[in-house]
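Structure file target37.cif (mmCIF, C-alpha atoms) is printed below.
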data_input
loop_
_atom_site.label_atom_id
_atom_site.label_comp_id
_atom_site.auth_asym_id
_atom_site.auth_seq_id
_atom_site.Cartn_x
_atom_site.Cartn_y
_atom_site.Cartn_z
CA MET A 1 0.00 0.00 0.00
CA SER A 2 2.76 2.44 0.90
CA THR A 3 4.51 1.77 -2.44
CA PHE A 4 1.22 2.63 -4.13
CA PHE A 5 0.93 6.01 -2.40
CA ALA A 6 4.60 6.73 -2.98
CA TYR A 7 4.11 5.95 -6.67
CA ILE A 8 1.06 8.22 -6.86
CA ALA A 9 2.95 11.02 -5.13
CA ASP A 10 5.95 10.63 -7.46
CA ASN A 11 3.80 10.56 -10.59
CA ALA A 12 0.97 12.87 -9.62
CA GLY A 13 1.64 15.21 -12.54
CA ALA A 14 1.80 12.43 -15.14
CA ILE A 15 -1.33 10.77 -13.75
CA GLY A 16 -3.15 14.10 -13.94
CA ILE A 17 -2.12 14.50 -17.57
CA ALA A 18 -3.24 10.94 -18.32
CA ILE A 19 -6.64 11.59 -16.74
CA ALA A 20 -7.01 14.76 -18.82
CA GLN A 21 -5.99 12.87 -22.00
CA HIS A 22 -8.41 10.08 -21.19
CA ILE A 23 -11.30 12.49 -20.69
CA GLY A 24 -10.25 14.38 -23.84
CA ILE A 25 -10.30 11.26 -26.04
CA VAL A 26 -13.66 10.13 -24.66
CA ALA A 27 -15.12 13.63 -25.05
CA ALA A 28 -13.89 13.92 -28.63
CA ALA A 29 -15.34 10.54 -29.57
CA LEU A 30 -18.67 11.32 -27.92
CA ALA A 31 -18.81 14.81 -29.41
CA VAL A 32 -18.94 13.20 -32.85
CA ALA A 33 -20.91 10.09 -31.91
CA VAL A 34 -23.76 11.85 -30.09
CA PRO A 35 -25.04 14.04 -32.98
CA ILE A 36 -24.58 11.21 -35.50
CA GLY A 37 -26.25 8.71 -33.18
CA ILE A 38 -29.22 10.91 -32.31
CA ALA A 39 -29.76 12.04 -35.90
CA SER A 40 -29.62 8.51 -37.29
CA GLY A 41 -31.84 7.23 -34.48
CA ILE A 42 -34.50 9.81 -35.33
CA ALA A 43 -34.16 9.12 -39.05
CA LEU A 44 -34.54 5.39 -38.46
CA ALA A 45 -37.55 5.91 -36.21
CA HIS A 46 -39.21 7.77 -39.07
CA ALA A 47 -38.15 5.28 -41.73
CA ARG A 48 -41.18 4.00 -43.63
CA SER A 49 -40.10 0.40 -43.82
CA ARG A 50 -39.99 -1.55 -40.60
CA ALA A 51 -37.88 -4.22 -42.29
CA ALA A 52 -35.24 -1.66 -43.29
CA ARG A 53 -35.02 -0.40 -39.71
CA THR A 54 -34.64 -3.89 -38.33
CA ALA A 55 -31.97 -4.67 -40.94
CA VAL A 56 -29.95 -1.52 -40.16
CA PHE A 57 -29.98 -2.20 -36.42
CA TYR A 58 -29.11 -5.83 -36.97
CA LEU A 59 -26.08 -4.87 -39.08
CA LEU A 60 -25.04 -2.20 -36.56
CA GLY A 61 -25.41 -4.78 -33.81
CA LEU A 62 -23.18 -7.21 -35.68
CA GLY A 63 -20.64 -4.40 -36.11
CA GLN A 64 -20.74 -3.91 -32.36
CA THR A 65 -19.63 -7.49 -31.80
CA ILE A 66 -16.24 -6.65 -33.33
CA PRO A 67 -13.97 -6.55 -30.28
CA SER A 68 -12.66 -3.09 -29.35
CA LEU A 69 -9.05 -4.28 -29.42
CA ALA A 70 -9.59 -5.58 -32.96
CA LEU A 71 -11.25 -2.34 -34.03
CA LEU A 72 -8.41 -0.25 -32.58
CA ALA A 73 -5.88 -2.49 -34.31
CA LEU A 74 -7.74 -2.21 -37.62
CA ALA A 75 -7.93 1.58 -37.25
CA VAL A 76 -4.13 1.63 -37.05
CA GLY A 77 -3.98 -0.12 -40.41
CA LEU A 78 -6.11 2.63 -41.97
CA LEU A 79 -5.18 5.76 -40.03
CA GLY A 80 -1.79 5.09 -38.48
CA VAL A 81 -1.07 5.50 -34.77
CA GLY A 82 -1.98 8.22 -32.32
CA LEU A 83 -5.07 10.11 -31.32
CA LEU A 84 -7.04 10.05 -34.56
CA PRO A 85 -7.45 6.26 -35.00
CA ALA A 86 -8.32 5.92 -31.30
CA VAL A 87 -11.03 8.57 -31.48
CA VAL A 88 -12.44 7.11 -34.71
CA ALA A 89 -12.56 3.53 -33.36
CA LEU A 90 -14.17 4.63 -30.10
CA LEU A 91 -16.78 6.82 -31.76
CA LEU A 92 -17.83 4.00 -34.10
CA TYR A 93 -18.41 1.94 -31.00
CA ALA A 94 -20.43 4.64 -29.26
CA ILE A 95 -22.87 5.31 -32.12
CA LEU A 96 -24.98 2.15 -31.81
CA PRO A 97 -26.27 2.49 -28.23
CA ILE A 98 -27.06 6.17 -28.83
CA ALA A 99 -28.85 5.54 -32.14
CA ARG A 100 -30.80 2.55 -30.84
CA ASN A 101 -32.03 4.38 -27.76
CA ALA A 102 -32.91 7.55 -29.69
CA CYS A 103 -34.92 5.43 -32.13
CA THR A 104 -36.74 3.59 -29.32
CA GLY A 105 -37.45 6.90 -27.60
CA VAL A 106 -38.90 8.54 -30.68
CA GLN A 107 -40.95 5.45 -31.48
CA ALA A 108 -42.38 5.52 -27.97
CA VAL A 109 -43.93 8.95 -28.60
CA PRO A 110 -47.68 8.30 -28.95
CA GLU A 111 -49.08 8.95 -32.41
CA ALA A 112 -51.83 11.09 -30.82
CA THR A 113 -49.21 13.45 -29.36
CA ARG A 114 -47.65 13.86 -32.78
CA ASP A 115 -51.09 14.48 -34.31
CA ALA A 116 -51.87 17.11 -31.69
CA ALA A 117 -48.61 18.90 -32.51
CA ARG A 118 -49.44 18.77 -36.20
CA GLY A 119 -52.90 20.12 -35.39
CA LEU A 120 -51.24 23.08 -33.65
CA GLY A 121 -49.60 23.85 -36.98
CA MET A 122 -46.09 22.63 -36.18
CA THR A 123 -43.81 21.73 -39.07
CA ASN A 124 -42.06 18.35 -39.13
CA MET A 125 -38.82 19.91 -37.89
CA GLN A 126 -40.66 21.61 -35.04
CA ILE A 127 -42.30 18.35 -34.08
CA ILE A 128 -38.91 16.65 -33.92
CA ARG A 129 -37.28 19.43 -31.94
CA ARG A 130 -40.08 20.43 -29.58
CA VAL A 131 -42.10 17.26 -29.14
CA GLU A 132 -40.17 14.12 -29.97
CA LEU A 133 -36.74 15.06 -28.63
CA PRO A 134 -37.98 16.25 -25.21
CA LEU A 135 -40.17 13.16 -24.84
CA ALA A 136 -37.38 10.83 -25.95
CA ARG A 137 -34.89 12.50 -23.61
CA PRO A 138 -34.76 9.80 -20.90
CA PHE A 139 -34.11 7.15 -23.57
CA ILE A 140 -31.43 9.25 -25.24
CA ILE A 141 -29.67 9.87 -21.94
CA ALA A 142 -29.79 6.14 -21.18
CA GLY A 143 -28.07 5.45 -24.52
CA LEU A 144 -25.51 8.16 -23.83
CA ARG A 145 -24.88 6.53 -20.45
CA THR A 146 -24.12 3.13 -21.95
CA ALA A 147 -21.97 4.70 -24.66
CA THR A 148 -20.00 6.79 -22.16
CA VAL A 149 -19.19 3.90 -19.84
CA VAL A 150 -18.13 1.65 -22.71
CA THR A 151 -16.01 4.40 -24.25
CA ILE A 152 -14.26 5.23 -20.97
CA SER A 153 -13.31 1.63 -20.43
CA SER A 154 -12.29 0.82 -24.01
CA CYS A 155 -10.26 4.03 -24.05
CA ALA A 156 -7.80 2.29 -21.71
CA LEU A 157 -6.80 0.14 -24.69
CA ALA A 158 -6.17 3.21 -26.84
CA SER A 159 -2.84 3.67 -25.08
CA LEU A 160 -1.68 0.64 -27.04
CA ILE A 161 -1.92 2.55 -30.31
CA GLY A 162 -0.19 5.58 -28.89
CA ALA A 163 -3.16 7.73 -27.94
CA GLY A 164 -2.11 8.12 -24.30
CA GLY A 165 -4.63 8.20 -21.47
CA LEU A 166 -4.79 6.14 -18.31
CA GLY A 167 -4.06 2.95 -20.20
CA ASP A 168 -0.41 4.08 -20.30
CA PHE A 169 -0.08 3.34 -16.60
CA ILE A 170 -1.87 0.01 -16.85
CA PHE A 171 0.44 -1.13 -19.65
CA ILE A 172 3.53 0.16 -17.81
CA GLY A 173 2.36 -1.80 -14.79
CA ILE A 174 1.87 -4.99 -16.78
CA SER A 175 5.15 -4.80 -18.67
CA LEU A 176 7.26 -3.88 -15.65
CA PHE A 177 5.23 -5.97 -13.21
CA LYS A 178 4.56 -2.90 -11.09
CA PRO A 179 1.14 -3.36 -9.45
CA GLU A 180 1.24 0.22 -8.16
CA ALA A 181 1.41 1.58 -11.72
CA MET A 182 -1.44 -0.72 -12.73
CA PHE A 183 -3.60 0.52 -9.86
CA ALA A 184 -2.68 4.11 -10.71
CA GLY A 185 -4.19 3.56 -14.16
CA ALA A 186 -7.01 1.14 -13.37
CA ILE A 187 -8.53 2.85 -10.34
CA PRO A 188 -9.02 6.28 -11.96
CA THR A 189 -10.42 4.61 -15.10
CA ALA A 190 -12.97 2.64 -13.10
CA VAL A 191 -13.79 5.71 -11.00
CA LEU A 192 -14.30 7.80 -14.14
CA ALA A 193 -16.65 5.17 -15.58
CA LEU A 194 -18.62 4.82 -12.35
CA ALA A 195 -18.84 8.59 -11.91
CA ALA A 196 -20.08 9.09 -15.47
CA ASP A 197 -22.63 6.30 -14.97
CA TRP A 198 -23.84 7.87 -11.72
CA PHE A 199 -24.08 11.42 -13.07
CA LEU A 200 -25.91 10.43 -16.23
CA GLY A 201 -28.20 8.19 -14.18
CA ARG A 202 -29.07 11.16 -11.96
CA TRP A 203 -29.60 13.37 -15.00
CA ALA A 204 -31.98 10.87 -16.60
CA ALA A 205 -33.93 10.51 -13.34
CA ARG A 206 -34.27 14.29 -13.03
CA GLY A 207 -35.75 14.49 -16.50
CA HIS A 208 -38.48 12.10 -15.36
CA ALA A 209 -39.30 14.09 -12.25
CA VAL A 210 -39.70 17.37 -14.16
CA ARG A 211 -42.19 15.86 -16.53
CA MET B 212 4.31 -10.91 -48.19
CA SER B 213 0.90 -11.46 -49.67
CA VAL B 214 -2.13 -12.40 -47.62
CA LEU B 215 -2.05 -15.91 -49.03
CA GLN B 216 1.62 -16.40 -48.17
CA PHE B 217 0.98 -15.08 -44.70
CA LEU B 218 -1.88 -17.50 -44.15
CA GLN B 219 0.24 -20.39 -45.44
CA GLU B 220 3.16 -19.49 -43.23
CA TYR B 221 1.11 -18.95 -40.10
CA ASP B 222 -1.75 -21.38 -40.58
CA THR B 223 -0.76 -23.62 -37.68
CA SER B 224 -0.16 -20.80 -35.24
CA LEU B 225 -3.42 -19.14 -36.28
CA LEU B 226 -5.30 -22.36 -35.64
CA ILE B 227 -3.59 -22.82 -32.30
CA ALA B 228 -4.48 -19.24 -31.36
CA LEU B 229 -8.07 -19.86 -32.39
CA ALA B 230 -8.21 -23.04 -30.31
CA GLU B 231 -6.74 -21.25 -27.30
CA HIS B 232 -9.25 -18.46 -27.72
CA VAL B 233 -12.25 -20.76 -28.02
CA ARG B 234 -11.11 -22.91 -25.11
CA MET B 235 -10.70 -19.89 -22.87
CA ILE B 236 -14.16 -18.50 -23.54
CA ALA B 237 -15.83 -21.93 -23.43
CA ILE B 238 -14.48 -22.66 -19.96
CA ALA B 239 -15.28 -19.16 -18.72
CA LEU B 240 -18.83 -19.27 -20.10
CA ALA B 241 -19.50 -22.70 -18.63
CA ILE B 242 -18.45 -21.48 -15.19
CA ALA B 243 -20.31 -18.17 -15.56
CA THR B 244 -23.50 -19.95 -16.65
CA LEU B 245 -23.34 -22.50 -13.83
CA ALA B 246 -22.84 -19.68 -11.33
CA GLY B 247 -24.89 -16.92 -12.98
CA VAL B 248 -28.20 -18.74 -13.60
CA PRO B 249 -28.60 -19.95 -10.00
CA LEU B 250 -27.53 -16.49 -8.78
CA GLY B 251 -30.21 -14.96 -11.02
CA VAL B 252 -32.87 -17.39 -9.77
CA TRP B 253 -31.85 -16.60 -6.19
CA GLY B 254 -32.01 -12.89 -7.04
CA THR B 255 -35.67 -13.19 -8.09
CA ARG B 256 -36.58 -14.92 -4.82
CA ASN B 257 -34.68 -12.50 -2.62
CA SER B 258 -34.75 -9.00 -4.07
CA ARG B 259 -32.11 -7.64 -1.68
CA ALA B 260 -29.64 -10.33 -2.67
CA GLY B 261 -30.56 -9.72 -6.31
CA GLY B 262 -29.82 -6.03 -5.96
CA ILE B 263 -26.45 -6.67 -4.34
CA VAL B 264 -25.39 -9.25 -6.95
CA LEU B 265 -26.40 -6.92 -9.81
CA ALA B 266 -24.63 -3.93 -8.27
CA PHE B 267 -21.45 -5.97 -7.81
CA ALA B 268 -21.56 -7.30 -11.37
CA ASN B 269 -22.23 -3.76 -12.64
CA VAL B 270 -19.15 -2.36 -10.93
CA ILE B 271 -16.97 -5.17 -12.35
CA GLN B 272 -18.31 -4.32 -15.79
CA THR B 273 -17.11 -0.73 -15.59
CA ILE B 274 -13.52 -1.80 -14.86
CA PRO B 275 -11.69 -1.80 -18.21
CA SER B 276 -10.76 -5.31 -19.30
CA ILE B 277 -7.07 -4.53 -19.49
CA ALA B 278 -7.19 -3.16 -15.94
CA LEU B 279 -9.02 -6.21 -14.61
CA PHE B 280 -6.42 -8.47 -16.23
CA GLY B 281 -3.68 -6.30 -14.79
CA LEU B 282 -5.21 -6.49 -11.34
CA MET B 283 -5.39 -10.29 -11.56
CA ILE B 284 -1.59 -10.49 -11.79
CA PRO B 285 -0.61 -9.26 -8.31
CA VAL B 286 -3.61 -10.93 -6.65
CA LEU B 287 -3.14 -14.35 -8.22
CA ALA B 288 0.63 -14.11 -7.99
CA LEU B 289 0.07 -14.93 -4.31
CA VAL B 290 -0.89 -18.47 -5.39
CA ASN B 291 1.70 -18.44 -8.18
CA ARG B 292 -0.90 -18.28 -10.97
CA GLY B 293 -0.50 -14.60 -11.86
CA ILE B 294 -0.13 -14.93 -15.61
CA GLY B 295 -1.50 -17.21 -18.32
CA THR B 296 -4.91 -18.70 -18.93
CA PHE B 297 -5.91 -19.04 -15.27
CA PRO B 298 -6.25 -15.31 -14.44
CA ALA B 299 -7.74 -14.71 -17.90
CA ILE B 300 -10.53 -17.22 -17.26
CA ILE B 301 -11.28 -15.73 -13.84
CA ALA B 302 -11.54 -12.23 -15.32
CA LEU B 303 -13.73 -13.52 -18.17
CA VAL B 304 -16.06 -15.22 -15.69
CA LEU B 305 -16.40 -12.00 -13.71
CA TYR B 306 -17.30 -10.08 -16.87
CA ALA B 307 -19.73 -12.70 -18.14
CA LEU B 308 -21.68 -12.79 -14.87
CA LEU B 309 -23.55 -9.50 -15.37
CA PRO B 310 -25.41 -10.27 -18.62
CA ILE B 311 -26.23 -13.81 -17.49
CA VAL B 312 -27.51 -12.85 -14.03
CA ARG B 313 -29.40 -9.83 -15.36
CA ASN B 314 -31.08 -11.72 -18.19
CA THR B 315 -32.01 -14.62 -15.91
CA MET B 316 -33.64 -12.24 -13.46
CA VAL B 317 -35.40 -10.17 -16.14
CA SER B 318 -36.76 -13.23 -17.95
CA LEU B 319 -38.03 -14.89 -14.77
CA LEU B 320 -39.60 -11.68 -13.48
CA GLY B 321 -41.20 -11.07 -16.88
CA ILE B 322 -43.32 -14.21 -16.73
CA PRO B 323 -46.96 -13.16 -16.27
CA HIS B 324 -48.42 -13.96 -12.86
CA ALA B 325 -51.48 -15.37 -14.58
CA THR B 326 -49.36 -18.08 -16.21
CA VAL B 327 -47.90 -19.16 -12.89
CA ASP B 328 -51.35 -19.03 -11.28
CA ALA B 329 -52.78 -21.19 -14.05
CA ALA B 330 -50.04 -23.75 -13.47
CA ARG B 331 -50.78 -23.73 -9.75
CA GLY B 332 -54.47 -24.14 -10.53
CA LEU B 333 -53.60 -27.23 -12.55
CA GLY B 334 -52.16 -28.67 -9.35
CA MET B 335 -48.47 -28.31 -10.13
CA THR B 336 -46.06 -28.20 -7.21
CA GLU B 337 -43.62 -25.27 -6.92
CA GLY B 338 -40.81 -27.45 -8.28
CA GLU B 339 -42.93 -28.50 -11.26
CA ILE B 340 -43.95 -24.90 -11.95
CA PHE B 341 -40.29 -23.92 -12.00
CA ARG B 342 -39.20 -26.80 -14.22
CA HIS B 343 -42.14 -27.03 -16.61
CA VAL B 344 -43.40 -23.45 -16.81
CA MET B 345 -40.92 -20.84 -15.65
CA LEU B 346 -37.69 -22.36 -16.99
CA PRO B 347 -38.96 -23.02 -20.56
CA LEU B 348 -40.44 -19.52 -20.73
CA ALA B 349 -37.28 -17.91 -19.38
CA LEU B 350 -34.87 -20.04 -21.39
CA PRO B 351 -34.65 -17.84 -24.53
CA GLY B 352 -33.93 -14.82 -22.34
CA ILE B 353 -31.27 -16.71 -20.40
CA VAL B 354 -29.64 -17.91 -23.62
CA SER B 355 -29.73 -14.35 -24.88
CA GLY B 356 -27.75 -13.38 -21.76
CA ILE B 357 -25.25 -16.15 -22.48
CA ARG B 358 -25.01 -14.91 -26.08
CA ILE B 359 -24.25 -11.35 -24.98
CA ALA B 360 -21.69 -12.71 -22.51
CA ALA B 361 -20.13 -14.94 -25.19
CA THR B 362 -19.75 -12.21 -27.79
CA MET B 363 -18.30 -9.90 -25.19
CA SER B 364 -15.93 -12.62 -24.00
CA VAL B 365 -14.51 -13.06 -27.50
CA GLY B 366 -13.44 -9.42 -27.39
CA VAL B 367 -12.24 -9.46 -23.81
CA ALA B 368 -10.28 -12.68 -24.37
CA ALA B 369 -8.31 -10.88 -27.10
CA VAL B 370 -7.00 -8.52 -24.45
CA ALA B 371 -5.92 -11.50 -22.34
CA ALA B 372 -2.94 -11.96 -24.65
CA PHE B 373 -1.30 -9.18 -22.65
CA ILE B 374 -1.11 -11.39 -19.60
CA GLY B 375 0.21 -14.33 -21.55
CA ALA B 376 -3.03 -16.22 -22.17
CA GLY B 377 -2.45 -16.57 -25.93
CA GLY B 378 -5.39 -16.54 -28.30
CA MET B 379 -6.06 -14.30 -31.29
CA GLY B 380 -5.01 -11.25 -29.29
CA HIS B 381 -1.48 -12.59 -29.42
CA PHE B 382 -1.36 -11.82 -33.14
CA ILE B 383 -2.66 -8.29 -32.60
CA LEU B 384 -0.10 -7.74 -29.86
CA ARG B 385 2.80 -9.13 -31.89
CA GLY B 386 1.75 -7.12 -34.93
CA ILE B 387 1.70 -3.90 -32.91
CA GLN B 388 5.02 -4.68 -31.23
CA THR B 389 6.81 -5.47 -34.48
CA THR B 390 4.87 -2.81 -36.47
CA TRP B 391 3.77 -5.48 -38.91
CA PRO B 392 0.23 -4.52 -39.96
CA MET B 393 -0.40 -7.90 -41.61
CA MET B 394 -0.01 -9.67 -38.29
CA THR B 395 -2.25 -7.18 -36.48
CA ILE B 396 -4.91 -7.40 -39.16
CA ALA B 397 -4.80 -11.20 -39.14
CA GLY B 398 -5.49 -11.18 -35.40
CA ALA B 399 -8.14 -8.46 -35.61
CA VAL B 400 -10.03 -9.98 -38.53
CA GLY B 401 -9.87 -13.45 -36.96
CA ASN B 402 -11.12 -12.01 -33.70
CA ALA B 403 -13.97 -10.11 -35.36
CA LEU B 404 -14.99 -13.16 -37.41
CA LEU B 405 -15.00 -15.36 -34.33
CA ALA B 406 -17.24 -12.85 -32.54
CA LEU B 407 -19.65 -12.80 -35.48
CA ILE B 408 -19.77 -16.60 -35.69
CA VAL B 409 -20.43 -16.93 -31.96
CA GLU B 410 -23.16 -14.28 -32.17
CA LEU B 411 -24.94 -15.90 -35.12
CA LEU B 412 -24.63 -19.40 -33.66
CA LEU B 413 -26.13 -18.43 -30.32
CA GLU B 414 -28.84 -16.33 -31.98
CA TRP B 415 -29.86 -19.52 -33.74
CA VAL B 416 -29.80 -21.51 -30.48
CA GLU B 417 -31.92 -18.81 -28.86
CA ARG B 418 -34.54 -19.07 -31.60
CA ALA B 419 -34.51 -22.85 -31.50
CA LEU B 420 -35.10 -22.85 -27.75
CA THR B 421 -38.02 -20.44 -27.84
CA PRO B 422 -41.20 -22.44 -27.08
CA ARG B 423 -43.40 -22.57 -30.18
CA GLY B 424 -46.38 -20.86 -28.62
CA VAL B 425 -44.21 -17.96 -27.47
CA ARG B 426 -42.65 -17.64 -30.92
CA ILE B 427 -46.02 -17.47 -32.63
CA ALA B 428 -47.26 -14.87 -30.14
CA ALA B 429 -44.11 -12.77 -30.70
CA GLU B 430 -44.39 -12.87 -34.47
CA ARG B 431 -48.04 -11.95 -34.59
CA PRO B 432 -48.26 -8.24 -35.41
CA ALA B 433 -49.53 -6.32 -32.40
#
Kindly return the structure encoded in the file as structure tokens.
Amino acid sequence: MSTFFAYIADNAGAIGIAIAQHIGIVAAALAVAVPIGIASGIALAHARSRAARTAVFYLLGLGQTIPSLALLALAVGLLGVGLLPAVVALLLYAILPIARNACTGVQAVPEATRDAARGLGMTNMQIIRRVELPLARPFIIAGLRTATVVTISSCALASLIGAGGLGDFIFIGISLFKPEAMFAGAIPTAVLALAADWFLGRWAARGHAVR
Amino acid sequence: MSVLQFLQEYDTSLLIALAEHVRMIAIALAIATLAGVPLGVWGTRNSRAGGIVLAFANVIQTIPSIALFGLMIPVLALVNRGIGTFPAIIALVLYALLPIVRNTMVSLLGIPHATVDAARGLGMTEGEIFRHVMLPLALPGIVSGIRIAATMSVGVAAVAAFIGAGGMGHFILRGIQTTWPMMTIAGAVGNALLALIVELLLEWVERALTPRGVRIAAERPA
């Protein structure tokens, strides 16, 4: 235990930088994945053909089964090493849960509500922005929650392709057999994931209460 | 080196890696199923226990796989089993528990009370109700949990190469270390294909295990 605290004290600056990098990579991936996911979820919810929607989600679901390590490794083949391939691989991973939940949320809006909005003279865009999105909000946040937790934990592997982040310490710990380095990387990663899960959970719950 | 040459040169080691990978996840899934289904059943009988088991499995799930593997090393080093397949299987079991326990609980709790009441009205004992009514109805949901766990395990097992467990991840790791894209891609594509095959296979099992009456009810447009 004392070696762990000594290690933390010695490397406080580097650990801080790694945490910031980790959050930065996750934020960049989500910043792209969230608009794409929500937009495609809404589009799919409005798709005429039910078969087409099922097919798209089935294919996306199959894509999701590709292991994150494999996806990161494949991204290196296409985009080289560093930040860019890591962000791209992680954002591809994050799109599905967001899109699926946005679609479910929009589909759950009762047809009568939509009709009422149309009766008030709203345009299609207004219906999406002022009726469907607010009603689908708890679903969308739930998708964002899943995507965030998955991205934070897969981001630990991004260190392997030179993107930095907390994975650096985990890999240092494994290669040098230094448990204290491993803990220094693993504990903040897990804490970040749990904190994100908790905050987004609270946020979703608050949305319910207001309504 | 062309793809064909690569495959010819490394065919044996690719097959060995595949076998190692499959063996690892098969053992882990067997253990996780044998532990997770009873835990799930227990969780539906005792909601406090269910809550605790789910919360524990949830926390494990948020720990990144590479970190969980890393953490296994110092802990299991105490019994001299820090690296290799042994810690990998333990970590895989821990990961696989959540989907299996959760799906078992959700499927059992989703059975309509009326169905259970009808069975009781027919004079079935509690044991018979569980075996002949609840289990068949919950089975597709439970298998779906095992499927999610299996697909996830294929990906997590790739990471286990870092603690010396072998498998397809070994190719990815070696490719990255020697900056040989062909090797990395071989591992990654193999890994992705294996995940797809496992997914499709278990989806089929899930469909086959769905009781006919339930399947017809599900397919009828609402």
Please find the residues of chain B near chain A - the criterion being any atom within 10 Å, counting all atoms listed in the file - and write them as a tab-separated table (two decimals) with C-alpha atoms, in the frame of the given file.
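part.tsv, written as the output of this step:
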chain	number	residue	atom	x	y	z
B	269	ASN	CA	-22.23	-3.76	-12.64
B	270	VAL	CA	-19.15	-2.36	-10.93
B	271	ILE	CA	-16.97	-5.17	-12.35
B	272	GLN	CA	-18.31	-4.32	-15.79
B	273	THR	CA	-17.11	-0.73	-15.59
B	274	ILE	CA	-13.52	-1.80	-14.86
B	275	PRO	CA	-11.69	-1.80	-18.21
B	276	SER	CA	-10.76	-5.31	-19.30
B	277	ILE	CA	-7.07	-4.53	-19.49
B	278	ALA	CA	-7.19	-3.16	-15.94
B	279	LEU	CA	-9.02	-6.21	-14.61
B	280	PHE	CA	-6.42	-8.47	-16.23
B	281	GLY	CA	-3.68	-6.30	-14.79
B	282	LEU	CA	-5.21	-6.49	-11.34
B	283	MET	CA	-5.39	-10.29	-11.56
B	284	ILE	CA	-1.59	-10.49	-11.79
B	285	PRO	CA	-0.61	-9.26	-8.31
B	286	VAL	CA	-3.61	-10.93	-6.65
B	359	ILE	CA	-24.25	-11.35	-24.98
B	361	ALA	CA	-20.13	-14.94	-25.19
B	362	THR	CA	-19.75	-12.21	-27.79
B	363	MET	CA	-18.30	-9.90	-25.19
B	364	SER	CA	-15.93	-12.62	-24.00
B	365	VAL	CA	-14.51	-13.06	-27.50
B	366	GLY	CA	-13.44	-9.42	-27.39
B	367	VAL	CA	-12.24	-9.46	-23.81
B	368	ALA	CA	-10.28	-12.68	-24.37
B	369	ALA	CA	-8.31	-10.88	-27.10
B	370	VAL	CA	-7.00	-8.52	-24.45
B	373	PHE	CA	-1.30	-9.18	-22.65
B	374	ILE	CA	-1.11	-11.39	-19.60
B	379	MET	CA	-6.06	-14.30	-31.29
B	380	GLY	CA	-5.01	-11.25	-29.29
B	383	ILE	CA	-2.66	-8.29	-32.60
B	384	LEU	CA	-0.10	-7.74	-29.86
B	386	GLY	CA	1.75	-7.12	-34.93
B	387	ILE	CA	1.70	-3.90	-32.91
B	388	GLN	CA	5.02	-4.68	-31.23
B	391	TRP	CA	3.77	-5.48	-38.91
B	392	PRO	CA	0.23	-4.52	-39.96
B	393	MET	CA	-0.40	-7.90	-41.61
B	395	THR	CA	-2.25	-7.18	-36.48
B	396	ILE	CA	-4.91	-7.40	-39.16
B	397	ALA	CA	-4.80	-11.20	-39.14
B	398	GLY	CA	-5.49	-11.18	-35.40
B	399	ALA	CA	-8.14	-8.46	-35.61
B	400	VAL	CA	-10.03	-9.98	-38.53
B	401	GLY	CA	-9.87	-13.45	-36.96
B	402	ASN	CA	-11.12	-12.01	-33.70
B	403	ALA	CA	-13.97	-10.11	-35.36
B	404	LEU	CA	-14.99	-13.16	-37.41
B	405	LEU	CA	-15.00	-15.36	-34.33
B	406	ALA	CA	-17.24	-12.85	-32.54
B	407	LEU	CA	-19.65	-12.80	-35.48
B	408	ILE	CA	-19.77	-16.60	-35.69
B	409	VAL	CA	-20.43	-16.93	-31.96
B	410	GLU	CA	-23.16	-14.28	-32.17
B	411	LEU	CA	-24.94	-15.90	-35.12
Q: Using only C-alpha atoms, pick whichever of B:Thr421, B:Ser213, B:Asn291, B:Ser318 has the shortest atom-to-atom distance to Ile353 of chain B.
A: B:Ser318
Q) Evaluating the PyMOL selection byres ((chain B and resi 299) around 9) on the displayed file yields which residues, as a list in words? A)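 Applied to this file, the PyMOL selection byres ((chain B and resi 299) around 9) selects Met235, Ala239, Phe280, Met283, Ile294, Gly295, Thr296, Phe297, Pro298, Ile300, Ile301, Ala302, Leu303, Val304, Ala368, Ala371, Ala372, Ile374, Gly375 and Ala376 of chain B.
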Write the residues of the preceding selection, restricted to C-alpha atoms, as an mmCIF file, in the coordinates of the input.
data_model
loop_
_atom_site.group_PDB
_atom_site.id
_atom_site.type_symbol
_atom_site.label_atom_id
_atom_site.label_comp_id
_atom_site.auth_asym_id
_atom_site.auth_seq_id
_atom_site.Cartn_x
_atom_site.Cartn_y
_atom_site.Cartn_z
ATOM 1 C CA MET B 235 -10.700 -19.890 -22.870
ATOM 2 C CA ALA B 239 -15.280 -19.160 -18.720
ATOM 3 C CA PHE B 280 -6.420 -8.470 -16.230
ATOM 4 C CA MET B 283 -5.390 -10.290 -11.560
ATOM 5 C CA ILE B 294 -0.130 -14.930 -15.610
ATOM 6 C CA GLY B 295 -1.500 -17.210 -18.320
ATOM 7 C CA THR B 296 -4.910 -18.700 -18.930
ATOM 8 C CA PHE B 297 -5.910 -19.040 -15.270
ATOM 9 C CA PRO B 298 -6.250 -15.310 -14.440
ATOM 10 C CA ILE B 300 -10.530 -17.220 -17.260
ATOM 11 C CA ILE B 301 -11.280 -15.730 -13.840
ATOM 12 C CA ALA B 302 -11.540 -12.230 -15.320
ATOM 13 C CA LEU B 303 -13.730 -13.520 -18.170
ATOM 14 C CA VAL B 304 -16.060 -15.220 -15.690
ATOM 15 C CA ALA B 368 -10.280 -12.680 -24.370
ATOM 16 C CA ALA B 371 -5.920 -11.500 -22.340
ATOM 17 C CA ALA B 372 -2.940 -11.960 -24.650
ATOM 18 C CA ILE B 374 -1.110 -11.390 -19.600
ATOM 19 C CA GLY B 375 0.210 -14.330 -21.550
ATOM 20 C CA ALA B 376 -3.030 -16.220 -22.170
#
